[in-house]
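Containing mmCIF, C-alpha atoms and all ligand atoms: input_4.cif.
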data_start
#
loop_
_atom_site.label_atom_id
_atom_site.label_comp_id
_atom_site.auth_asym_id
_atom_site.auth_seq_id
_atom_site.Cartn_x
_atom_site.Cartn_y
_atom_site.Cartn_z
CA LYS A 1 18.33 137.82 75.09
CA GLU A 2 14.62 137.52 74.55
CA THR A 3 15.01 136.10 71.05
CA LYS A 4 17.50 133.50 72.23
CA ASP A 5 15.23 132.24 75.00
CA GLN A 6 12.38 132.08 72.57
CA MET A 7 14.43 130.00 70.18
CA ILE A 8 15.29 127.47 72.83
CA ILE A 9 11.70 127.11 73.89
CA ASP A 10 10.52 126.59 70.33
CA ALA A 11 13.15 124.00 69.55
CA GLY A 12 12.57 122.35 72.89
CA GLN A 13 9.03 121.51 71.98
CA LYS A 14 10.19 119.56 68.98
CA HIS A 15 13.21 117.77 70.48
CA PHE A 16 13.24 117.73 74.22
CA GLY A 17 16.37 117.04 76.22
CA ALA A 18 19.55 115.21 75.32
CA VAL A 19 19.88 113.09 72.24
CA THR A 20 22.59 110.72 71.08
CA CYS A 21 23.55 110.94 67.44
CA LYS A 22 23.30 107.45 65.96
CA SER A 23 26.23 107.95 63.63
CA CYS A 24 28.84 109.88 65.64
CA GLY A 25 27.72 108.99 69.16
CA MET A 26 27.80 112.54 70.49
CA ILE A 27 25.29 113.35 73.20
CA TYR A 28 23.95 116.87 72.83
CA THR A 29 20.90 119.01 73.47
CA ALA A 30 19.01 119.37 70.24
CA ALA A 31 17.25 122.39 71.72
CA SER A 32 20.48 124.35 72.03
CA PRO A 33 21.82 126.02 68.89
CA GLU A 34 25.36 126.09 70.31
CA ASP A 35 25.17 122.40 71.09
CA GLU A 36 23.82 121.62 67.65
CA ALA A 37 26.58 123.63 66.00
CA GLN A 38 29.19 121.84 68.09
CA HIS A 39 27.63 118.53 67.17
CA ILE A 40 27.72 119.25 63.44
CA GLN A 41 31.38 120.17 63.68
CA TYR A 42 32.31 117.06 65.67
CA HIS A 43 30.13 114.85 63.50
CA GLN A 44 31.76 115.90 60.24
CA ARG A 45 35.29 115.70 61.59
CA LEU A 46 34.74 112.26 63.07
CA LEU A 47 33.04 110.73 60.06
CA GLU A 48 35.68 112.13 57.71
CA GLY A 49 38.48 110.96 60.01
CA ILE A 50 37.31 107.38 60.39
CA LYS A 51 36.41 106.89 56.74
CA PHE A 52 38.54 104.10 55.31
CA VAL A 53 38.67 104.00 51.53
CA GLY A 54 40.86 100.92 51.43
CA TRP A 55 44.19 100.44 49.78
CA LYS A 56 45.48 98.08 47.16
CA LYS A 57 48.08 96.77 49.56
CA GLU A 58 46.64 96.34 53.01
CA ARG A 59 48.35 94.45 55.77
CA ILE A 60 45.39 92.54 57.12
CA LEU A 61 46.32 90.71 60.30
CA ALA A 62 42.95 89.31 61.27
CA ALA A 63 39.44 89.10 59.87
CA PHE A 64 36.24 88.83 61.89
CA TRP A 65 32.52 88.75 61.25
CA ASP A 66 32.29 92.47 62.00
CA GLY A 67 35.54 93.77 60.53
CA LYS A 68 39.26 93.35 60.10
CA ILE A 69 42.49 94.50 61.72
CA VAL A 70 44.88 96.41 59.46
CA LEU A 71 48.46 97.26 60.42
CA ILE A 72 50.25 100.47 59.41
CA LEU A 73 54.02 100.68 59.78
CA PRO A 74 56.23 103.79 59.85
CA ASP A 75 57.70 103.07 56.41
CA ASP A 76 54.34 102.70 54.69
CA PRO A 77 53.25 104.98 51.82
CA LYS A 78 52.32 108.53 52.69
CA TYR A 79 48.55 108.02 52.32
CA ALA A 80 48.59 105.26 54.93
CA ILE A 81 50.69 107.28 57.37
CA LYS A 82 48.44 110.27 56.84
CA LYS A 83 45.37 108.22 57.70
CA ALA A 84 47.03 106.82 60.83
CA GLU A 85 47.92 110.35 61.92
CA GLU A 86 44.42 111.63 61.27
CA VAL A 87 42.94 108.89 63.43
CA ARG A 88 45.53 109.49 66.14
CA GLU A 89 44.58 113.17 66.24
CA LEU A 90 40.92 112.27 66.69
CA VAL A 91 41.80 109.83 69.46
CA ASP A 92 44.10 112.34 71.15
CA SER A 93 41.45 115.03 71.13
CA GLU A 94 38.96 112.59 72.66
CA LEU A 95 41.49 111.58 75.30
CA GLY A 96 42.28 115.22 75.99
CA PHE A 97 45.91 114.83 74.93
CA LYS A 98 47.11 118.16 73.60
CA GLN A 99 49.94 118.10 71.11
CA ALA A 100 50.88 114.70 72.36
CA THR A 101 53.66 113.02 70.49
CA LEU A 102 54.78 109.45 70.29
CA SER A 103 58.00 108.68 72.08
CA CYS A 104 59.44 107.21 68.92
CA PRO A 105 57.25 107.66 65.82
CA SER A 106 59.67 105.78 63.60
CA LYS A 107 59.01 102.62 65.61
CA ALA A 108 55.33 102.95 66.38
CA LYS A 109 52.92 100.42 64.93
CA THR A 110 49.32 101.42 64.33
CA TYR A 111 46.65 98.74 64.40
CA MET A 112 43.26 99.77 63.07
CA PHE A 113 40.02 97.88 63.38
CA VAL A 114 38.07 98.54 60.17
CA SER A 115 34.35 97.73 60.20
CA ASN A 116 32.48 96.11 57.34
CA GLU A 117 31.02 99.57 56.71
CA LYS A 118 34.58 100.74 55.96
CA LYS A 119 35.01 102.85 59.05
CA ILE A 120 37.97 102.84 61.39
CA VAL A 121 36.22 101.98 64.62
CA GLY A 122 39.24 100.98 66.67
CA CYS A 123 42.83 102.14 66.91
CA LEU A 124 45.78 100.88 68.91
CA ILE A 125 49.25 102.38 68.80
CA ALA A 126 52.04 100.22 70.15
CA GLU A 127 55.65 101.20 70.69
CA PRO A 128 58.71 99.26 71.70
CA ILE A 129 59.72 99.83 75.30
CA LYS A 130 62.44 98.44 77.49
CA GLN A 131 60.89 98.70 80.91
CA ALA A 132 57.72 99.52 82.77
CA HIS A 133 56.52 100.04 86.30
CA ARG A 134 54.05 97.52 87.62
CA VAL A 135 50.78 98.96 88.88
CA LEU A 136 50.29 98.25 92.54
CA VAL A 137 46.87 97.68 94.01
CA ASP A 138 46.82 99.68 97.19
CA PRO A 139 44.30 98.22 99.66
CA VAL A 140 44.18 101.46 101.67
CA HIS A 141 42.94 103.35 98.62
CA LYS A 142 40.03 101.04 97.98
CA GLY A 143 36.54 102.33 98.68
CA PRO A 144 34.01 104.23 96.64
CA GLN A 145 34.78 107.73 97.90
CA ILE A 146 38.35 107.66 96.64
CA GLU A 147 37.53 105.59 93.61
CA ALA A 148 37.12 108.51 91.21
CA GLU A 149 40.42 110.07 92.17
CA ASN A 150 42.04 106.69 92.30
CA GLN A 151 41.20 106.07 88.68
CA ARG A 152 43.67 108.72 87.61
CA ALA A 153 46.36 108.14 90.18
CA TRP A 154 47.69 104.65 90.24
CA ARG A 155 50.51 103.68 92.49
CA CYS A 156 53.36 102.17 90.57
CA SER A 157 56.30 100.16 91.77
CA THR A 158 59.54 102.12 91.92
CA LYS A 159 61.46 99.18 90.57
CA PRO A 160 61.23 99.00 86.78
CA GLU A 161 60.70 95.64 85.17
CA ALA A 162 61.60 94.51 81.70
CA ALA A 163 58.84 94.94 79.13
CA ILE A 164 58.68 94.87 75.33
CA CYS A 165 55.51 96.50 74.09
CA GLY A 166 53.97 99.76 75.29
CA ILE A 167 50.34 100.47 74.46
CA SER A 168 50.48 104.19 73.92
CA ARG A 169 46.88 104.62 72.67
CA ILE A 170 43.88 102.35 72.60
CA TRP A 171 40.51 103.59 71.44
CA VAL A 172 37.22 102.17 70.21
CA PHE A 173 34.42 104.20 68.62
CA SER A 174 31.92 105.08 71.36
CA LEU A 175 28.91 103.32 69.82
CA LEU A 176 30.80 100.05 69.38
CA ARG A 177 32.34 99.61 72.81
CA ARG A 178 31.97 96.45 74.89
CA LYS A 179 31.95 94.23 71.82
CA GLY A 180 35.44 92.88 72.29
CA ILE A 181 37.08 95.17 69.72
CA ALA A 182 39.82 96.36 72.11
CA THR A 183 40.36 92.77 73.28
CA ARG A 184 40.78 91.57 69.71
CA MET A 185 43.20 94.40 68.91
CA MET A 186 45.27 93.49 72.00
CA ASP A 187 45.36 89.81 71.07
CA THR A 188 46.45 90.75 67.56
CA VAL A 189 49.22 93.04 68.85
CA ARG A 190 50.54 90.31 71.12
CA GLY A 191 50.86 87.93 68.22
CA ASN A 192 52.22 90.48 65.77
CA PHE A 193 54.42 92.95 67.64
CA MET A 194 57.51 90.81 67.96
CA TYR A 195 58.31 88.43 65.16
CA GLY A 196 58.00 84.80 66.10
CA SER A 197 56.61 85.16 69.58
CA PHE A 198 53.32 85.75 71.33
CA LEU A 199 53.86 88.37 74.01
CA SER A 200 52.89 87.48 77.56
CA LEU A 201 50.91 89.94 79.64
CA ASP A 202 54.08 90.78 81.61
CA GLU A 203 55.73 91.97 78.43
CA ILE A 204 53.02 94.55 77.72
CA ALA A 205 52.39 97.84 79.50
CA PHE A 206 49.65 100.46 79.17
CA SER A 207 50.94 104.01 79.27
CA ASP A 208 49.07 106.45 81.47
CA PRO A 209 45.60 104.91 81.18
CA THR A 210 42.31 106.77 81.43
CA PRO A 211 39.50 105.43 83.68
CA ASP A 212 38.12 103.44 80.71
CA GLY A 213 41.59 102.24 79.87
CA LYS A 214 42.18 101.13 83.43
CA LEU A 215 38.92 99.16 83.57
CA PHE A 216 39.71 97.51 80.27
CA ALA A 217 43.34 96.77 81.19
CA THR A 218 42.35 95.28 84.54
CA THR A 219 39.93 92.87 82.86
CA TYR A 220 42.21 92.10 79.95
CA CYS A 221 45.21 91.36 82.13
CA LYS A 222 43.20 89.05 84.37
CA ALA A 223 41.80 86.99 81.51
N1 LIG B 301 33.84 99.81 82.15
C1 LIG B 301 33.98 98.60 82.76
N2 LIG B 301 34.61 97.53 82.19
C2 LIG B 301 35.12 97.71 80.96
C3 LIG B 301 35.02 98.94 80.25
C4 LIG B 301 34.34 100.01 80.90
N3 LIG B 301 34.19 101.22 80.32
N4 LIG B 301 35.60 98.80 79.06
C5 LIG B 301 36.06 97.54 79.00
N5 LIG B 301 35.79 96.87 80.15
C6 LIG B 301 36.13 95.49 80.50
C7 LIG B 301 34.89 94.63 80.49
O1 LIG B 301 35.08 93.59 81.45
C8 LIG B 301 34.89 94.08 79.09
O2 LIG B 301 34.21 92.85 78.97
P1 LIG B 301 32.57 92.81 78.96
O3 LIG B 301 32.12 93.85 77.98
O4 LIG B 301 32.28 91.42 78.51
O5 LIG B 301 32.16 93.11 80.35
C9 LIG B 301 36.35 93.85 78.82
O6 LIG B 301 37.02 94.93 79.51
C10 LIG B 301 36.70 93.84 77.34
O7 LIG B 301 36.26 95.06 76.75
P2 LIG B 301 36.27 95.31 75.17
O8 LIG B 301 34.89 95.18 74.64
O9 LIG B 301 37.32 94.48 74.52
O10 LIG B 301 36.73 96.85 75.17
P3 LIG B 301 36.19 98.00 74.19
O11 LIG B 301 36.24 97.52 72.79
O12 LIG B 301 34.90 98.51 74.70
O13 LIG B 301 37.31 99.13 74.36
C11 LIG B 301 38.37 101.00 75.46
C12 LIG B 301 37.80 99.57 75.61
C13 LIG B 301 39.41 101.02 74.35
C14 LIG B 301 39.05 101.42 76.76
C15 LIG B 301 37.18 101.95 75.13
O14 LIG B 301 36.34 102.03 76.24
C16 LIG B 301 37.58 103.36 74.72
O15 LIG B 301 37.95 103.61 73.59
N6 LIG B 301 37.49 104.35 75.64
C17 LIG B 301 37.76 105.75 75.36
C18 LIG B 301 39.21 105.96 75.05
C19 LIG B 301 40.10 105.55 76.21
O16 LIG B 301 39.91 105.99 77.32
N7 LIG B 301 41.08 104.68 75.90
C20 LIG B 301 42.07 104.21 76.86
C21 LIG B 301 43.15 105.21 76.94
S1 LIG B 301 44.51 104.63 77.86
C22 LIG B 301 45.71 104.31 76.71
O17 LIG B 301 45.50 104.60 75.58
C23 LIG B 301 46.99 103.63 77.12
ZN ZN B 302 26.53 113.08 64.91
#
This entry written out as structure tokens:
Amino acid sequence: KETKDQMIIDAGQKHFGAVTCKSCGMIYTAASPEDEAQHIQYHQRLLEGIKFVGWKKERILAAFWDGKIVLILPDDPKYAIKKAEEVRELVDSELGFKQATLSCPSKAKTYMFVSNEKKIVGCLIAEPIKQAHRVLVDPVHKGPQIEAENQRAWRCSTKPEAAICGISRIWVFSLLRRKGIATRMMDTVRGNFMYGSFLSLDEIAFSDPTPDGKLFATTYCKA
């Protein structure tokens, strides 16, 4: 016990408190060996997972100053599917989804935002759906004290409405959030998902959103 305490104190003098890794975004205590070990593990897995080597045939749907949006379809070559799955696993572990599956993998479309540095910094998985339940804003549940709980439990209408595209996952790399990457992926999906039409907001539904997802969806659907 004594040696462990000593170690923490020594390290603490060099790097005090929490640090954010500039390449993987993880916040950890540099003074804690367990934290550092966890960081190294996360760091390597993330950087390997989001590495995008590029393919001869890429389906580029949009190009921006800071990257491009690439589409992967279920019938694509194995290496592309494998990459999409690897990214989905990273996203699922960040979202806390355990062994989550797609409702229909053979119809899912994966949209990846690839940065100029050749990293997959955004991922959106869209699936065809037939109906969705509209989220109801419940005035009784407004107020800061219930806000936290409210973020998980939305009230939905019991009456299903027709919809076309379900957003089953949406994720942006932590260090690049609030730069419009999710917005640009959504706009791209709306124009691409169904041939020959631009989907209206009513035709899109977010499945089981997280607090971040809810904040994003609320803004996106208002705009
Ligand atoms: N808090 C408040 N408002 C937000 C937030 C937030 N965390 N995120 C987005 N918004 C709103 C803002 O109004 C923002 O505009 P502004 O930055 O000019 O104020 C607007 O939405 C557009 O945001 P984008 O920059 O396009 O969104 P971003 O690229 O940051 O990605 C996302 C949003 C995908 C939710 C990201 O925060 C993320 O990956 N979070 C972790 C994973 C996650 O929870 N994903 C949602 C899961 S739900 C599902 O998959 C169906
Ligand atoms: Zn790191």
Interatomic distance (Å, one decimal) between atom O12 of ligand LIG 301 (chain B) and atom CA of Phe216 of chain A: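 Atom-to-atom, atom O12 of ligand LIG 301 (chain B) to atom CA of Phe216 of chain A, that is 7.4 Å.
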Write out as a ChimeraX atom specification each polymer residue (protein, DNA or RNA) that has an atom no more than 7 Å from ligand LIG 301 (chain B), with all atoms listed in the file counted. /A:95,167-174,176-184,206-217,219-220
I'd like the contact shell of segment 96-110 of chain A - 7 Å cut-off, only C-alpha atoms, skipping same-chain residues fewer than 4 positions apart - returned as a PyMOL selection string. chain A and resi 71-74+84+92+124-128
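Note that the spacing between atom CA of Val114 of chain A and atom CA of Ser93 of chain A amounts to 20.1 Å.
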Give me, as a VMD selection string, all polymer residues having an atom no more than 7 Å from Ala205 of chain A, counting only C-alpha atoms and skipping those fewer than 3 positions away in the same chain. chain A and resid 132 165 to 167
Can you tell me which residues sit at most 8 Å away from ligand ZN 302 (chain B), counting all atoms listed in the file, written as a PyMOL selection string? chain A and resi 20-26+39-40+42-44
Provide the atom CA of Ser200 of chain A to atom CA of Asp66 of chain A distance in Å, to one decimal place.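 Result for atom CA of Ser200 of chain A versus atom CA of Asp66 of chain A: 26.3 Å, one decimal.
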Restricting the calculation to all atoms listed in the file, which member of A:Glu36, A:Glu117, A:Ile164, A:Ala63 is positioned closest to Ser197 of chain A? A:Ile164
Selection near Lys51 of chain A, 8 Å with all atoms listed in the file, sequence-local residues under 6 positions removed, as an MDAnalysis selection string: chainID A and resid 118:120
Using all atoms listed in the file, which of A:Met185, A:Val87, A:Ile50, A:Val135 sits nearest Phe113 of chain A? A:Met185
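Considering all atoms listed in the file, the residue among A:Tyr28, A:Phe193, A:Phe198, A:Tyr111 positioned nearest to Glu58 of chain A is A:Tyr111.
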